[in-house]
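*Asks:* Dropping in run04.txt, which is compact mmCIF, C-alpha atoms:
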```
# COMPACT_ATOMS: atom_id res chain seq x y z
CA MET A 1 -30.09 -6.11 26.28
CA SER A 2 -30.84 -3.93 23.26
CA ALA A 3 -29.37 -4.71 19.85
CA ALA A 4 -27.25 -1.55 20.02
CA THR A 5 -25.88 -2.47 23.45
CA GLU A 6 -25.00 -5.96 22.27
CA TYR A 7 -23.37 -4.62 19.09
CA PHE A 8 -21.14 -2.11 20.88
CA ARG A 9 -20.24 -4.55 23.69
CA ASN A 10 -19.18 -7.12 21.07
CA LYS A 11 -17.29 -4.51 19.05
CA LEU A 12 -15.15 -3.66 22.09
CA ASP A 13 -14.15 -7.34 22.33
CA PHE A 14 -12.44 -7.07 18.94
CA GLU A 15 -11.01 -3.54 18.77
CA ILE A 16 -8.37 -1.73 20.80
CA ASP A 17 -7.26 1.91 20.89
CA VAL A 18 -3.65 2.89 20.14
CA MET A 19 -3.19 4.33 23.63
CA ASP A 20 -4.37 1.07 25.20
CA VAL A 21 -1.92 -0.85 23.00
CA HIS A 22 0.88 1.53 24.00
CA GLY A 23 0.05 1.13 27.67
CA SER A 24 -0.04 -2.67 27.50
CA LEU A 25 2.69 -3.45 24.95
CA ALA A 26 5.45 -4.07 27.47
CA SER A 27 3.26 -6.43 29.52
CA GLY A 28 3.57 -9.28 27.02
CA GLU A 29 -0.20 -9.87 27.15
CA PHE A 30 -0.31 -10.03 23.35
CA VAL A 31 1.82 -10.07 20.23
CA LEU A 32 1.56 -6.87 18.18
CA VAL A 33 1.61 -7.66 14.47
CA ASP A 34 2.26 -5.20 11.65
CA THR A 35 0.41 -6.67 8.68
CA ARG A 36 1.65 -4.31 5.96
CA ARG A 37 3.96 -5.04 3.04
CA HIS A 38 7.74 -5.07 3.44
CA ALA A 39 8.24 -1.57 1.98
CA SER A 40 5.71 -0.12 4.42
CA TRP A 41 7.38 -1.89 7.35
CA GLU A 42 10.75 -0.45 6.29
CA HIS A 43 9.24 3.02 6.07
CA GLY A 44 8.30 2.84 9.76
CA HIS A 45 6.66 0.54 12.30
CA ILE A 46 5.89 0.26 15.99
CA PRO A 47 8.96 -0.80 18.01
CA GLY A 48 8.51 -4.34 19.26
CA ALA A 49 5.97 -5.30 16.60
CA LEU A 50 6.29 -8.51 14.64
CA HIS A 51 6.19 -8.07 10.86
CA LEU A 52 3.84 -10.60 9.28
CA PRO A 53 2.11 -9.40 6.10
CA THR A 54 -1.53 -10.41 5.80
CA ALA A 55 -0.93 -12.74 2.84
CA LEU A 56 1.56 -14.76 4.91
CA ILE A 57 -0.55 -15.18 8.06
CA PRO A 58 -2.24 -18.49 7.10
CA ALA A 59 1.08 -20.20 6.36
CA GLN A 60 3.38 -18.55 8.90
CA ALA A 61 1.42 -17.44 11.98
CA ALA A 62 2.08 -20.67 13.88
CA VAL A 63 5.81 -20.43 13.11
CA PHE A 64 6.09 -17.12 14.98
CA ILE A 65 3.15 -17.09 17.42
CA PRO A 66 2.13 -20.03 19.61
CA ALA A 67 -1.48 -21.15 19.21
CA GLY A 68 -3.84 -19.41 21.60
CA THR A 69 -1.62 -16.35 22.06
CA PRO A 70 -3.62 -13.11 21.94
CA VAL A 71 -2.74 -11.00 18.89
CA VAL A 72 -3.26 -7.31 18.10
CA VAL A 73 -2.97 -6.40 14.43
CA TYR A 74 -2.45 -3.06 12.72
CA SER A 75 -1.96 -1.67 9.25
CA TRP A 76 -1.58 1.89 8.00
CA GLY A 77 -4.67 3.68 9.28
CA PRO A 78 -8.42 4.12 9.27
CA GLY A 79 -8.49 4.54 5.49
CA CYS A 80 -7.11 1.03 5.06
CA ASN A 81 -8.86 -2.23 5.90
CA GLY A 82 -5.71 -4.34 5.73
CA SER A 83 -5.77 -5.00 9.47
CA THR A 84 -9.37 -6.21 9.20
CA PHE A 85 -8.30 -8.84 6.66
CA ALA A 86 -5.39 -9.76 8.93
CA ALA A 87 -7.64 -10.03 11.99
CA LEU A 88 -9.94 -12.31 10.02
CA ALA A 89 -6.99 -14.50 9.00
CA PHE A 90 -5.87 -14.85 12.63
CA ALA A 91 -9.44 -15.50 13.79
CA GLU A 92 -9.83 -18.24 11.17
CA LEU A 93 -6.71 -19.87 12.63
CA GLY A 94 -8.25 -19.75 16.12
CA TYR A 95 -6.18 -16.93 17.62
CA PRO A 96 -7.82 -14.44 19.98
CA VAL A 97 -7.35 -11.24 17.99
CA LYS A 98 -8.07 -7.52 18.21
CA GLU A 99 -7.66 -4.81 15.60
CA MET A 100 -5.82 -1.65 16.64
CA LEU A 101 -8.01 1.30 15.68
CA GLY A 102 -6.28 4.04 13.73
CA GLY A 103 -3.29 1.91 12.76
CA LEU A 104 0.21 3.29 12.49
CA GLU A 105 -1.17 6.65 11.36
CA TYR A 106 -2.89 7.33 14.67
CA TRP A 107 -0.04 5.77 16.62
CA ALA A 108 2.27 8.40 15.09
CA ARG A 109 -0.31 11.18 15.36
CA ASN A 110 -0.38 10.52 19.11
CA GLY A 111 3.37 11.17 19.20
CA LEU A 112 4.24 7.55 19.99
CA PRO A 113 7.58 6.05 18.89
CA VAL A 114 8.05 4.80 15.34
CA GLU A 115 11.04 2.71 14.29
CA SER A 116 12.73 2.79 10.88
CA SER A 117 16.23 2.32 9.51
CA ASP A 118 16.99 5.77 10.99
CA GLY A 119 16.28 4.46 14.51
CA VAL A 120 13.37 5.11 16.84
CA ASN A 121 11.78 8.55 16.69
CA SER A 122 8.71 10.03 18.31
CA PRO A 123 6.93 12.31 15.87
CA PRO A 124 5.32 15.45 17.26
CA GLY A 125 1.81 14.73 18.44
CA ASP A 126 -1.09 16.08 16.42
CA PRO A 127 -2.99 18.52 18.68
CA LEU A 128 -6.26 17.41 17.11
CA VAL A 129 -5.60 13.83 18.25
CA THR A 130 -3.58 14.00 21.46
CA ALA A 131 -5.11 14.81 24.78
CA GLY A 132 -1.99 16.61 26.00
```
How does this structure look as C-alpha cells?

*Replies:*
Amino acid sequence: MSAATEYFRNKLDFEIDVMDVHGSLASGEFVLVDTRRHASWEHGHIPGALHLPTALIPAQAAVFIPAGTPVVVYSWGPGCNGSTFAALAFAELGYPVKEMLGGLEYWARNGLPVESSDGVNSPPGDPLVTAG
C-alpha cells in the first residue's frame, strides 16, 4: 500500500461528513458532542447533540458518556480547530472518536436543522454546498 493510500484510509477512520452524521444520528450509533463554549451553544446547535465544551471533556466525559461509546465531535466550522482539540481529548480518554468535517457551519449550509432558544429551524441550503 502506498503512503498516500494509507494516509487517506486512516484519515477516513477519524473524520465524518455532516450528511453522514445527519443520516446516522437517529441510529444511536454514537453520541454527537458540541464542543463549543456556552454562548455558542445558545446561539445554535444540532438538535440531539450533547453540549460538552472541550475544556470540560477530561473531567466530565465519563459522567455523560459511557466508556467505549463512539463519539462524534463538532465545533463551529472548518476555520476552527476546536473539534480537533476535542477529538484529541476524547481519544486520550480511550473513546472511539470522529471529527465532523465542516462543523455547525456546514451543517447549516446544507439546510439541516439547527436548534436555539427560538426552537428548531432549518436554514435555507447554500446552493454551493448542497447537492439538491

*Asks:* Quick check, in Å to one decimal: how far apart do atom CA of A:Ser116 and atom CA of A:Asn81 lie?

*Replies:* 22.7 Å

*Asks:* For A:Tyr74, which residue out of A:Leu88, A:Leu104, A:Ala55, A:Leu93 is the nearest one, using all atoms listed in the file?

*Replies:* A:Leu104

*Asks:* Identify, on the basis of only C-alpha atoms, every residue whose closest approach to A:Cys80 does not exceed 12 Å; exclude the query and any residue fewer than 6 positions from it along the same chain; express the result as an NGL selection string.

*Replies:* :A and (35-36 or 74 or 86 or 100-105)

*Asks:* If we count all atoms listed in the file and set the cut-off at 9 Å, which residues sit around A:Phe30, ignoring sequence neighbours fewer than 6 positions away in its own chain? Please answer as a list in words.

*Replies:* Ser24, Thr69, Pro70, Val71, Val72 and Val97 of chain A

*Asks:* Once you have the residues from the selection above, write them out as an mmCIF file, in the coordinates of the input, restricted to C-alpha atoms.

*Replies:*
```cif
data_model
loop_
_atom_site.group_PDB
_atom_site.id
_atom_site.type_symbol
_atom_site.label_atom_id
_atom_site.label_comp_id
_atom_site.auth_asym_id
_atom_site.auth_seq_id
_atom_site.Cartn_x
_atom_site.Cartn_y
_atom_site.Cartn_z
ATOM 1 C CA SER A 24 -0.040 -2.670 27.500
ATOM 2 C CA THR A 69 -1.620 -16.350 22.060
ATOM 3 C CA PRO A 70 -3.620 -13.110 21.940
ATOM 4 C CA VAL A 71 -2.740 -11.000 18.890
ATOM 5 C CA VAL A 72 -3.260 -7.310 18.100
ATOM 6 C CA VAL A 97 -7.350 -11.240 17.990
#
```

*Asks:* Go through A:Trp107, A:Phe64, A:Phe85, A:Tyr95 and flag the residue nearest A:Gly125, using all atoms listed in the file for the distances.

*Replies:*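 Looking only at the distances to A:Gly125, the closest residue turns out to be A:Trp107.
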
*Asks:* Here is a test: counting all atoms listed in the file, which residue of A:Val120, A:Leu12, A:Ala3, A:Ala89 is nearest to A:Gln60?

*Replies:*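 Of A:Val120, A:Leu12, A:Ala3, A:Ala89, the one nearest A:Gln60 is A:Ala89, counting all atoms listed in the file.
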
*Asks:* Record the distance separating atom CA of A:Ile57 and atom CA of A:Glu99, expressed in Å with one decimal.

*Replies:*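 Interatomic distance, atom CA of A:Ile57 to atom CA of A:Glu99: 14.7 Å.
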
*Asks:* Closest to A:Val73 among A:Arg109, A:His38, A:Lys98, A:His45, using only C-alpha atoms?

*Replies:*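 With only C-alpha atoms as the atom set, the closest residue is A:Lys98.
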
*Asks:* Take atom CA of A:Gly77 and atom CA of A:Gly28 and report the distance between them in Å, one decimal.

*Replies:*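 Computing the Euclidean distance for atom CA of A:Gly77 and atom CA of A:Gly28 yields 23.5 Å.
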
*Asks:* Identify which of the residues A:Ala4, A:Leu25, A:Ala108, A:Ile16 lies closest to A:Pro123, counting only C-alpha atoms when measuring atom-to-atom distances.

*Replies:* A:Ala108

*Asks:* Counting only C-alpha atoms, write as an NGL selection string all protein and nucleic acid residues lying at most 8 Å from (-5.4, 6.7, 21.5) in the file's frame.

*Replies:* :A and (17-20 or 106-107 or 110 or 129-130)

*Asks:* Could those selected residues go to a file with C-alpha atoms, as a short mmCIF file (atom, residue, chain, number, x, y, z; two decimals), in the coordinates of the input?

*Replies:*
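So result28.cif came out as:
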```cif
data_model
loop_
_atom_site.label_atom_id
_atom_site.label_comp_id
_atom_site.auth_asym_id
_atom_site.auth_seq_id
_atom_site.Cartn_x
_atom_site.Cartn_y
_atom_site.Cartn_z
CA ASP A 17 -7.26 1.91 20.89
CA VAL A 18 -3.65 2.89 20.14
CA MET A 19 -3.19 4.33 23.63
CA ASP A 20 -4.37 1.07 25.20
CA TYR A 106 -2.89 7.33 14.67
CA TRP A 107 -0.04 5.77 16.62
CA ASN A 110 -0.38 10.52 19.11
CA VAL A 129 -5.60 13.83 18.25
CA THR A 130 -3.58 14.00 21.46
#
```

*Asks:* Measuring between all atoms listed in the file, which one of A:Ala67, A:Leu50, A:Ala61, A:Leu128 shows the shortest distance to A:Asp34?

*Replies:* A:Leu50

*Asks:* Hey, could you patch up stretch 41-53 of chain A with N, CA, C and O atoms and hand it over as a compact mmCIF listing (two decimals), in the frame of the given file?

*Replies:*
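Final output, selection07.txt:
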```txt
# COMPACT_ATOMS: atom_id res chain seq x y z
N TRP A 41 6.68 -1.58 6.10
CA TRP A 41 7.38 -1.89 7.35
C TRP A 41 8.70 -1.13 7.42
O TRP A 41 9.04 -0.53 8.45
N GLU A 42 9.46 -1.13 6.33
CA GLU A 42 10.75 -0.45 6.29
C GLU A 42 10.59 1.06 6.46
O GLU A 42 11.46 1.72 7.03
N HIS A 43 9.50 1.59 5.97
CA HIS A 43 9.24 3.02 6.07
C HIS A 43 9.06 3.44 7.53
O HIS A 43 9.43 4.54 7.93
N GLY A 44 8.49 2.56 8.34
CA GLY A 44 8.30 2.84 9.76
C GLY A 44 7.30 1.87 10.36
O GLY A 44 6.33 1.48 9.71
N HIS A 45 7.54 1.47 11.61
CA HIS A 45 6.66 0.54 12.30
C HIS A 45 6.77 0.77 13.80
O HIS A 45 7.64 1.51 14.27
N ILE A 46 5.90 0.13 14.54
CA ILE A 46 5.89 0.26 15.99
C ILE A 46 7.02 -0.60 16.57
O ILE A 46 7.11 -1.79 16.25
N PRO A 47 7.88 -0.01 17.39
CA PRO A 47 8.96 -0.80 18.01
C PRO A 47 8.38 -1.99 18.79
O PRO A 47 7.41 -1.85 19.53
N GLY A 48 8.97 -3.15 18.58
CA GLY A 48 8.51 -4.34 19.26
C GLY A 48 7.47 -5.14 18.50
O GLY A 48 7.12 -6.25 18.91
N ALA A 49 6.96 -4.58 17.40
CA ALA A 49 5.97 -5.30 16.60
C ALA A 49 6.63 -6.42 15.80
O ALA A 49 7.81 -6.32 15.44
N LEU A 50 5.88 -7.43 15.53
CA LEU A 50 6.29 -8.51 14.64
C LEU A 50 5.79 -8.17 13.25
O LEU A 50 4.64 -7.77 13.10
N HIS A 51 6.62 -8.33 12.23
CA HIS A 51 6.19 -8.07 10.86
C HIS A 51 5.70 -9.37 10.24
O HIS A 51 6.49 -10.31 10.05
N LEU A 52 4.42 -9.44 9.93
CA LEU A 52 3.84 -10.60 9.28
C LEU A 52 2.74 -10.11 8.33
O LEU A 52 1.61 -9.87 8.74
N PRO A 53 3.10 -9.90 7.06
CA PRO A 53 2.11 -9.40 6.10
C PRO A 53 0.88 -10.31 6.03
O PRO A 53 0.98 -11.53 6.18
```
